[in-house]
>>> print(open('upload_18.cif').read())   # mmCIF, C-alpha atoms
data_query
loop_
_atom_site.label_atom_id
_atom_site.label_comp_id
_atom_site.auth_asym_id
_atom_site.auth_seq_id
_atom_site.Cartn_x
_atom_site.Cartn_y
_atom_site.Cartn_z
CA MET U 240 0.00 0.00 0.00
CA GLU U 241 1.23 3.44 -0.87
CA GLU U 242 1.75 5.86 2.01
CA LYS U 243 0.01 8.96 0.72
CA HIS U 244 -1.68 10.35 3.82
CA LEU U 245 -0.33 12.69 6.46
CA ILE U 246 -1.14 11.31 9.91
CA HIS U 247 -0.85 13.45 13.02
CA ILE U 248 -1.18 11.75 16.41
CA CYS U 249 -1.22 13.48 19.81
CA ASN U 250 -1.43 11.36 22.93
CA LYS U 251 -1.90 13.01 26.32
CA GLN U 252 -1.28 10.83 29.37
CA THR U 253 -1.83 11.74 33.03
CA ILE U 254 -0.22 9.65 35.77
CA ASN U 255 -0.51 10.70 39.43
CA GLY U 256 -1.51 14.24 38.42
CA GLU U 257 1.46 14.69 36.05
CA THR U 258 0.51 15.16 32.39
CA ASP U 259 2.76 14.42 29.44
CA GLU U 260 1.94 14.89 25.77
CA ILE U 261 3.63 13.18 22.84
CA CYS U 262 2.83 14.15 19.25
CA LEU U 263 3.92 12.44 16.06
CA THR U 264 3.45 13.36 12.41
CA THR U 265 4.17 10.69 9.84
CA MET U 266 3.16 9.41 6.43
CA GLY U 267 0.88 6.41 6.25
CA THR U 268 -2.00 4.69 4.56
CA TYR U 269 -5.71 5.37 5.03
CA VAL U 270 -8.16 2.97 3.41
CA LYS U 271 -11.76 1.83 3.69
CA LYS U 272 -12.57 -1.89 3.50
CA GLY U 273 -16.22 -2.80 3.87
CA ASP U 274 -17.69 -0.88 6.80
CA ASN U 275 -14.29 -0.33 8.46
CA ARG U 276 -11.55 2.23 7.95
CA TYR U 277 -7.84 1.60 8.55
CA ILE U 278 -5.01 3.97 9.40
CA ILE U 279 -1.65 2.26 8.97
CA TYR U 280 1.73 3.81 9.76
CA GLN U 281 5.28 2.91 10.77
CA GLU U 282 6.90 3.92 14.03
CA TYR U 283 10.63 4.69 13.88
CA ASP U 284 13.56 4.49 16.29
CA GLN U 285 14.50 8.07 17.21
CA GLU U 286 18.24 7.33 17.19
CA THR U 287 18.64 5.19 14.07
CA GLY U 288 15.63 6.27 12.01
CA GLN U 289 14.89 2.62 11.30
CA PRO U 290 11.29 1.35 11.41
CA THR U 291 10.56 -0.42 14.70
CA GLN U 292 6.97 -1.48 14.31
CA SER U 293 3.84 -1.11 12.26
CA SER U 294 0.71 0.33 13.86
CA THR U 295 -2.79 -0.21 12.53
CA LEU U 296 -5.90 1.57 13.74
CA LYS U 297 -9.06 -0.24 12.73
CA ILE U 298 -12.03 2.10 13.00
CA MET U 299 -15.20 0.04 13.06
CA SER U 300 -18.65 1.13 12.00
CA ASN U 301 -19.94 0.92 15.59
CA ASP U 302 -17.62 3.78 16.60
CA SER U 303 -15.00 1.61 18.24
CA ILE U 304 -11.27 1.62 17.57
CA ASN U 305 -8.84 -1.28 17.67
CA LEU U 306 -5.14 -0.31 17.95
CA MET U 307 -2.86 -3.13 16.80
CA ARG U 308 0.92 -3.04 16.84
CA ASN U 309 3.08 -5.81 15.48
CA ARG U 310 6.75 -6.57 15.22
CA ILE U 311 8.69 -5.85 18.41
CA TYR U 312 5.95 -5.19 20.97
CA ARG U 313 2.62 -6.84 20.11
CA THR U 314 -0.30 -4.72 21.27
CA ASN U 315 -4.04 -4.98 20.82
CA LEU U 316 -6.09 -2.22 22.53
CA VAL U 317 -9.84 -1.93 22.06
CA LEU U 318 -11.43 1.51 22.59
CA GLU U 319 -15.22 1.27 22.73
CA ALA U 320 -17.20 4.03 24.45
CA GLY U 321 -18.71 3.06 27.78
CA LYS U 322 -16.99 -0.33 27.91
CA ARG U 323 -13.97 -1.89 29.61
CA HIS U 324 -11.85 -4.43 27.75
CA LEU U 325 -8.86 -6.49 28.86
CA CYS U 326 -6.14 -5.93 26.30
CA GLN U 327 -2.63 -7.16 25.56
CA TYR U 328 0.06 -4.46 25.68
CA GLY U 329 3.62 -5.20 24.60
CA THR U 330 6.62 -3.62 26.34
CA GLN U 331 10.36 -4.13 26.18
CA PHE U 332 10.00 -6.34 29.27
CA GLY U 333 7.24 -8.54 27.89
CA SER U 334 3.50 -8.48 27.45
CA ILE U 335 1.04 -7.34 30.14
CA MET U 336 -2.73 -7.34 30.37
CA LEU U 337 -4.31 -3.93 30.85
CA GLY U 338 -7.85 -2.93 31.57
CA VAL U 339 -8.97 -0.27 29.10
CA PHE U 340 -12.10 1.74 29.95
CA THR U 341 -13.15 4.18 27.23
CA GLN U 342 -15.18 7.20 28.31
CA SER U 343 -15.74 8.59 24.81
CA VAL U 344 -14.96 8.04 21.14
CA ASN U 345 -15.61 10.74 18.53
CA ILE U 346 -15.03 9.77 14.91
CA ALA U 347 -15.31 12.29 12.06
CA LEU U 348 -13.79 10.46 9.09
CA ASP U 349 -14.83 10.36 5.46
CA ASP U 350 -13.19 9.00 2.30
CA HIS U 351 -10.59 11.82 2.27
CA GLY U 352 -9.58 11.81 5.94
CA GLY U 353 -10.71 13.63 9.05
CA SER U 354 -10.17 13.08 12.74
CA LEU U 355 -10.87 10.80 15.64
CA GLU U 356 -10.58 11.36 19.35
CA ALA U 357 -10.83 9.00 22.32
CA LYS U 358 -10.63 9.42 26.09
CA TYR U 359 -9.80 6.33 28.11
CA THR U 360 -8.15 5.01 31.26
CA LEU U 361 -5.68 2.17 31.66
CA ASP U 362 -5.65 0.00 34.75
CA ILE U 363 -3.53 -2.85 36.05
CA ASP U 364 -5.43 -5.32 38.25
CA THR U 365 -8.23 -2.69 38.41
CA SER U 366 -5.84 -0.06 39.88
CA LEU U 367 -5.77 3.12 37.81
CA ALA U 368 -2.49 3.41 35.91
CA SER U 369 -3.20 6.42 33.67
CA GLU U 370 -5.81 8.68 32.09
CA ASN U 371 -5.36 9.12 28.35
CA GLU U 372 -6.58 11.24 25.46
CA ILE U 373 -5.66 10.57 21.87
CA LEU U 374 -6.37 12.80 18.88
CA ILE U 375 -5.57 11.61 15.37
CA THR U 376 -6.00 13.57 12.16
CA VAL U 377 -5.61 12.16 8.65
CA LYS U 378 -5.39 14.10 5.42
CA GLU U 379 -4.25 13.43 1.88
CA ALA U 380 -0.63 14.48 1.33
#
>>> encode(input="upload_18.cif", output="structure tokens")
Amino acid sequence: MEEKHLIHICNKQTINGETDEICLTTMGTYVKKGDNRYIIYQEYDQETGQPTQSSTLKIMSNDSINLMRNRIYRTNLVLEAGKRHLCQYGTQFGSIMLGVFTQSVNIALDDHGGSLEAKYTLDIDTSLASENEILITVKEA
């Protein structure tokens, strides 16, 4: 697939009252297959510039998002408003199971791009680990 979309991702994370924000702009692919839309992009090592893993966001017609990462750290997070899911999250130390409770999902995507936003919490053994907000915009390059 040809990477012809500009993808901007901002993730805000709050842990113990301390907030950190990480933003990334990259080229990627945005396609529609059936009722679902997919945003696919590579993540790169900051020191070497080499690709480290592929990330895929599957946006489903029922306004839920599935974040899948493959290669080094396998991850599968499900963001579905009003629901809690147990999800696999890969780290450099191995895989852990996280509880993911999604407060809201707002999707404004069409065939040319748009945006999506989700607010969710992560918990470990039902103890709050972090509060998160993610905003992703997609547009043709």
>>> resolve_selection(input="upload_18.cif", expression="the PyMOL selection byres ((chain U and resi 334-340) around 10)", output="short mmCIF file (atom, residue, chain, number, x, y, z; two decimals) with C-alpha atoms, in the coordinates of the input")
data_model
loop_
_atom_site.label_atom_id
_atom_site.label_comp_id
_atom_site.auth_asym_id
_atom_site.auth_seq_id
_atom_site.Cartn_x
_atom_site.Cartn_y
_atom_site.Cartn_z
CA TYR U 312 5.95 -5.19 20.97
CA ARG U 313 2.62 -6.84 20.11
CA THR U 314 -0.30 -4.72 21.27
CA ASN U 315 -4.04 -4.98 20.82
CA LEU U 316 -6.09 -2.22 22.53
CA VAL U 317 -9.84 -1.93 22.06
CA LEU U 318 -11.43 1.51 22.59
CA GLU U 319 -15.22 1.27 22.73
CA ALA U 320 -17.20 4.03 24.45
CA GLY U 321 -18.71 3.06 27.78
CA LYS U 322 -16.99 -0.33 27.91
CA ARG U 323 -13.97 -1.89 29.61
CA HIS U 324 -11.85 -4.43 27.75
CA LEU U 325 -8.86 -6.49 28.86
CA CYS U 326 -6.14 -5.93 26.30
CA GLN U 327 -2.63 -7.16 25.56
CA TYR U 328 0.06 -4.46 25.68
CA GLY U 329 3.62 -5.20 24.60
CA THR U 330 6.62 -3.62 26.34
CA GLN U 331 10.36 -4.13 26.18
CA PHE U 332 10.00 -6.34 29.27
CA GLY U 333 7.24 -8.54 27.89
CA THR U 341 -13.15 4.18 27.23
CA GLN U 342 -15.18 7.20 28.31
CA SER U 343 -15.74 8.59 24.81
CA LYS U 358 -10.63 9.42 26.09
CA TYR U 359 -9.80 6.33 28.11
CA THR U 360 -8.15 5.01 31.26
CA LEU U 361 -5.68 2.17 31.66
CA ASP U 362 -5.65 0.00 34.75
CA ILE U 363 -3.53 -2.85 36.05
CA ASP U 364 -5.43 -5.32 38.25
CA THR U 365 -8.23 -2.69 38.41
CA SER U 366 -5.84 -0.06 39.88
CA LEU U 367 -5.77 3.12 37.81
CA ALA U 368 -2.49 3.41 35.91
CA SER U 369 -3.20 6.42 33.67
CA GLU U 370 -5.81 8.68 32.09
#
>>> closest_residue(input="upload_18.cif", among="U:Ala347, U:Ile254, U:Ala357, U:Met266", to="Ala380 in chain U", atoms="all atoms listed in the file")
U:Met266
>>> resolve_selection(input="upload_18.cif", expression="the PyMOL selection byres ((chain U and resi 356) around 6)", output="PyMOL selection string")
chain U and resi 344-345+355+357+373-374
>>> write_last_selection(input="upload_18.cif", atoms="C-alpha atoms", output="mmCIF file, in the frame of the given file")
data_model
loop_
_atom_site.group_PDB
_atom_site.id
_atom_site.type_symbol
_atom_site.label_atom_id
_atom_site.label_comp_id
_atom_site.auth_asym_id
_atom_site.auth_seq_id
_atom_site.Cartn_x
_atom_site.Cartn_y
_atom_site.Cartn_z
ATOM 1 C CA VAL U 344 -14.960 8.040 21.140
ATOM 2 C CA ASN U 345 -15.610 10.740 18.530
ATOM 3 C CA LEU U 355 -10.870 10.800 15.640
ATOM 4 C CA ALA U 357 -10.830 9.000 22.320
ATOM 5 C CA ILE U 373 -5.660 10.570 21.870
ATOM 6 C CA LEU U 374 -6.370 12.800 18.880
#
>>> closest_residue(input="upload_18.cif", among="U:Ile261, U:Ile298, U:Val377, U:Leu348", to="Ile246 in chain U", atoms="all atoms listed in the file")
U:Val377
>>> closest_residue(input="upload_18.cif", among="U:Thr291, U:Asn371, U:Gly352, U:Asn301", to="Gly256 in chain U", atoms="all atoms listed in the file")
U:Asn371
>>> closest_residue(input="upload_18.cif", among="U:Gln289, U:Gln281, U:Ser354, U:Ser303", to="Thr265 in chain U", atoms="all atoms listed in the file")
U:Gln281
>>> atom_distance(input="upload_18.cif", atom1="CA of Ile375 in chain U", atom2="CA of Glu282 in chain U")
14.7 Å
>>> atom_distance(input="upload_18.cif", atom1="CA of Glu242 in chain U", atom2="CA of Gly273 in chain U")
20.0 Å
>>> closest_residue(input="upload_18.cif", among="U:Glu260, U:Lys297, U:Arg308, U:His247", to="Arg276 in chain U", atoms="all atoms listed in the file")
U:Lys297
>>> closest_residue(input="upload_18.cif", among="U:Glu241, U:Glu372, U:Leu296, U:Glu379", to="Asp259 in chain U", atoms="all atoms listed in the file")
U:Glu372
>>> residues_around(input="upload_18.cif", residues="Ile279 in chain U", least_positions_apart="2", cutoff="8 Å", atoms="all atoms listed in the file", output="ChimeraX atom specification")
/U:267-269,277,281,293-296
>>> atom_distance(input="upload_18.cif", atom1="CA of Ile304 in chain U", atom2="CA of Gly288 in chain U")
27.9 Å
>>> axis_aligned_box(input="upload_18.cif", around="range 318-326 of chain U", padding_each_side="4 Å", output="lines of an AutoDock Vina configuration file")
center_x = -12.4
center_y = -1.2
center_z = 26.1
size_x = 20.6
size_y = 18.5
size_z = 15.0
>>> decode(input="upload_18.cif", residues="range 325-340 of chain U", atoms="all heavy atoms", output="PDB file, in the first residue's frame")
ATOM      1  N   LEU U 325     -10.200  -6.051  28.485  1.00  0.00           N
ATOM      2  CA  LEU U 325      -8.862  -6.488  28.858  1.00  0.00           C
ATOM      3  C   LEU U 325      -8.067  -6.631  27.578  1.00  0.00           C
ATOM      4  O   LEU U 325      -8.512  -7.291  26.634  1.00  0.00           O
ATOM      5  CB  LEU U 325      -8.901  -7.824  29.605  1.00  0.00           C
ATOM      6  CG  LEU U 325      -9.397  -7.756  31.030  1.00  0.00           C
ATOM      7  CD1 LEU U 325      -9.473  -9.161  31.632  1.00  0.00           C
ATOM      8  CD2 LEU U 325      -8.522  -6.862  31.894  1.00  0.00           C
ATOM      9  N   CYS U 326      -6.899  -5.987  27.541  1.00  0.00           N
ATOM     10  CA  CYS U 326      -6.139  -5.927  26.301  1.00  0.00           C
ATOM     11  C   CYS U 326      -4.672  -6.254  26.544  1.00  0.00           C
ATOM     12  O   CYS U 326      -4.119  -5.953  27.593  1.00  0.00           O
ATOM     13  CB  CYS U 326      -6.245  -4.529  25.687  1.00  0.00           C
ATOM     14  SG  CYS U 326      -7.935  -4.053  25.304  1.00  0.00           S
ATOM     15  N   GLN U 327      -4.047  -6.827  25.532  1.00  0.00           N
ATOM     16  CA  GLN U 327      -2.626  -7.155  25.563  1.00  0.00           C
ATOM     17  C   GLN U 327      -1.829  -5.915  25.173  1.00  0.00           C
ATOM     18  O   GLN U 327      -2.129  -5.251  24.184  1.00  0.00           O
ATOM     19  CB  GLN U 327      -2.336  -8.293  24.587  1.00  0.00           C
ATOM     20  CG  GLN U 327      -0.884  -8.655  24.494  1.00  0.00           C
ATOM     21  CD  GLN U 327      -0.637  -9.751  23.458  1.00  0.00           C
ATOM     22  OE1 GLN U 327      -1.556 -10.355  22.931  1.00  0.00           O
ATOM     23  NE2 GLN U 327       0.614  -9.984  23.173  1.00  0.00           N
ATOM     24  N   TYR U 328      -0.790  -5.611  25.964  1.00  0.00           N
ATOM     25  CA  TYR U 328       0.058  -4.461  25.678  1.00  0.00           C
ATOM     26  C   TYR U 328       1.514  -4.899  25.761  1.00  0.00           C
ATOM     27  O   TYR U 328       1.975  -5.369  26.801  1.00  0.00           O
ATOM     28  CB  TYR U 328      -0.221  -3.329  26.670  1.00  0.00           C
ATOM     29  CG  TYR U 328       0.455  -2.034  26.312  1.00  0.00           C
ATOM     30  CD1 TYR U 328      -0.131  -1.168  25.399  1.00  0.00           C
ATOM     31  CD2 TYR U 328       1.681  -1.691  26.865  1.00  0.00           C
ATOM     32  CE1 TYR U 328       0.486   0.009  25.050  1.00  0.00           C
ATOM     33  CE2 TYR U 328       2.302  -0.502  26.526  1.00  0.00           C
ATOM     34  CZ  TYR U 328       1.700   0.343  25.622  1.00  0.00           C
ATOM     35  OH  TYR U 328       2.316   1.511  25.262  1.00  0.00           O
ATOM     36  N   GLY U 329       2.226  -4.769  24.660  1.00  0.00           N
ATOM     37  CA  GLY U 329       3.619  -5.201  24.604  1.00  0.00           C
ATOM     38  C   GLY U 329       4.573  -4.127  25.070  1.00  0.00           C
ATOM     39  O   GLY U 329       4.421  -2.959  24.739  1.00  0.00           O
ATOM     40  N   THR U 330       5.561  -4.520  25.874  1.00  0.00           N
ATOM     41  CA  THR U 330       6.617  -3.624  26.339  1.00  0.00           C
ATOM     42  C   THR U 330       7.964  -4.288  26.093  1.00  0.00           C
ATOM     43  O   THR U 330       8.029  -5.475  25.750  1.00  0.00           O
ATOM     44  CB  THR U 330       6.493  -3.311  27.848  1.00  0.00           C
ATOM     45  OG1 THR U 330       6.883  -4.477  28.593  1.00  0.00           O
ATOM     46  CG2 THR U 330       5.077  -2.897  28.222  1.00  0.00           C
ATOM     47  N   GLN U 331       9.026  -3.561  26.353  1.00  0.00           N
ATOM     48  CA  GLN U 331      10.359  -4.135  26.183  1.00  0.00           C
ATOM     49  C   GLN U 331      10.638  -5.246  27.199  1.00  0.00           C
ATOM     50  O   GLN U 331      11.563  -6.028  27.043  1.00  0.00           O
ATOM     51  CB  GLN U 331      11.419  -3.050  26.286  1.00  0.00           C
ATOM     52  CG  GLN U 331      11.481  -2.364  27.637  1.00  0.00           C
ATOM     53  CD  GLN U 331      12.414  -1.176  27.634  1.00  0.00           C
ATOM     54  OE1 GLN U 331      12.912  -0.766  26.587  1.00  0.00           O
ATOM     55  NE2 GLN U 331      12.667  -0.609  28.799  1.00  0.00           N
ATOM     56  N   PHE U 332       9.820  -5.319  28.247  1.00  0.00           N
ATOM     57  CA  PHE U 332       9.997  -6.341  29.275  1.00  0.00           C
ATOM     58  C   PHE U 332       9.057  -7.528  29.111  1.00  0.00           C
ATOM     59  O   PHE U 332       9.075  -8.454  29.896  1.00  0.00           O
ATOM     60  CB  PHE U 332       9.796  -5.717  30.662  1.00  0.00           C
ATOM     61  CG  PHE U 332      10.693  -4.544  30.905  1.00  0.00           C
ATOM     62  CD1 PHE U 332      10.171  -3.260  30.920  1.00  0.00           C
ATOM     63  CD2 PHE U 332      12.056  -4.714  31.076  1.00  0.00           C
ATOM     64  CE1 PHE U 332      10.997  -2.164  31.121  1.00  0.00           C
ATOM     65  CE2 PHE U 332      12.890  -3.625  31.275  1.00  0.00           C
ATOM     66  CZ  PHE U 332      12.363  -2.349  31.292  1.00  0.00           C
ATOM     67  N   GLY U 333       8.203  -7.470  28.125  1.00  0.00           N
ATOM     68  CA  GLY U 333       7.236  -8.541  27.890  1.00  0.00           C
ATOM     69  C   GLY U 333       5.836  -7.980  27.775  1.00  0.00           C
ATOM     70  O   GLY U 333       5.612  -6.770  27.818  1.00  0.00           O
ATOM     71  N   SER U 334       4.885  -8.866  27.654  1.00  0.00           N
ATOM     72  CA  SER U 334       3.503  -8.480  27.449  1.00  0.00           C
ATOM     73  C   SER U 334       2.757  -8.433  28.789  1.00  0.00           C
ATOM     74  O   SER U 334       2.990  -9.259  29.660  1.00  0.00           O
ATOM     75  CB  SER U 334       2.853  -9.512  26.545  1.00  0.00           C
ATOM     76  OG  SER U 334       1.863  -8.930  25.770  1.00  0.00           O
ATOM     77  N   ILE U 335       1.870  -7.436  28.944  1.00  0.00           N
ATOM     78  CA  ILE U 335       1.038  -7.339  30.135  1.00  0.00           C
ATOM     79  C   ILE U 335      -0.421  -7.184  29.707  1.00  0.00           C
ATOM     80  O   ILE U 335      -0.705  -6.762  28.593  1.00  0.00           O
ATOM     81  CB  ILE U 335       1.452  -6.163  31.059  1.00  0.00           C
ATOM     82  CG1 ILE U 335       1.329  -4.828  30.322  1.00  0.00           C
ATOM     83  CG2 ILE U 335       2.827  -6.370  31.621  1.00  0.00           C
ATOM     84  CD1 ILE U 335       1.579  -3.618  31.213  1.00  0.00           C
ATOM     85  N   MET U 336      -1.306  -7.542  30.612  1.00  0.00           N
ATOM     86  CA  MET U 336      -2.732  -7.343  30.366  1.00  0.00           C
ATOM     87  C   MET U 336      -3.165  -6.063  31.060  1.00  0.00           C
ATOM     88  O   MET U 336      -2.870  -5.865  32.250  1.00  0.00           O
ATOM     89  CB  MET U 336      -3.551  -8.514  30.897  1.00  0.00           C
ATOM     90  CG  MET U 336      -3.374  -9.795  30.105  1.00  0.00           C
ATOM     91  SD  MET U 336      -3.857  -9.659  28.382  1.00  0.00           S
ATOM     92  CE  MET U 336      -5.621  -9.643  28.533  1.00  0.00           C
ATOM     93  N   LEU U 337      -3.814  -5.193  30.318  1.00  0.00           N
ATOM     94  CA  LEU U 337      -4.307  -3.928  30.849  1.00  0.00           C
ATOM     95  C   LEU U 337      -5.821  -3.881  30.730  1.00  0.00           C
ATOM     96  O   LEU U 337      -6.384  -4.361  29.749  1.00  0.00           O
ATOM     97  CB  LEU U 337      -3.743  -2.745  30.060  1.00  0.00           C
ATOM     98  CG  LEU U 337      -2.268  -2.453  30.157  1.00  0.00           C
ATOM     99  CD1 LEU U 337      -1.909  -1.308  29.215  1.00  0.00           C
ATOM    100  CD2 LEU U 337      -1.871  -2.103  31.580  1.00  0.00           C
ATOM    101  N   GLY U 338      -6.452  -3.258  31.701  1.00  0.00           N
ATOM    102  CA  GLY U 338      -7.852  -2.926  31.573  1.00  0.00           C
ATOM    103  C   GLY U 338      -7.948  -1.589  30.863  1.00  0.00           C
ATOM    104  O   GLY U 338      -7.226  -0.649  31.198  1.00  0.00           O
ATOM    105  N   VAL U 339      -8.794  -1.500  29.863  1.00  0.00           N
ATOM    106  CA  VAL U 339      -8.974  -0.266  29.105  1.00  0.00           C
ATOM    107  C   VAL U 339     -10.444   0.113  29.193  1.00  0.00           C
ATOM    108  O   VAL U 339     -11.306  -0.590  28.668  1.00  0.00           O
ATOM    109  CB  VAL U 339      -8.569  -0.451  27.623  1.00  0.00           C
ATOM    110  CG1 VAL U 339      -8.747   0.848  26.855  1.00  0.00           C
ATOM    111  CG2 VAL U 339      -7.149  -0.957  27.510  1.00  0.00           C
ATOM    112  N   PHE U 340     -10.729   1.234  29.893  1.00  0.00           N
ATOM    113  CA  PHE U 340     -12.097   1.739  29.955  1.00  0.00           C
ATOM    114  C   PHE U 340     -12.161   3.020  29.133  1.00  0.00           C
ATOM    115  O   PHE U 340     -11.422   3.975  29.389  1.00  0.00           O
ATOM    116  CB  PHE U 340     -12.551   2.030  31.383  1.00  0.00           C
ATOM    117  CG  PHE U 340     -13.938   2.630  31.408  1.00  0.00           C
ATOM    118  CD1 PHE U 340     -15.051   1.830  31.176  1.00  0.00           C
ATOM    119  CD2 PHE U 340     -14.119   3.986  31.611  1.00  0.00           C
ATOM    120  CE1 PHE U 340     -16.320   2.388  31.153  1.00  0.00           C
ATOM    121  CE2 PHE U 340     -15.389   4.549  31.594  1.00  0.00           C
ATOM    122  CZ  PHE U 340     -16.500   3.740  31.367  1.00  0.00           C
TER     123      PHE U 340
END
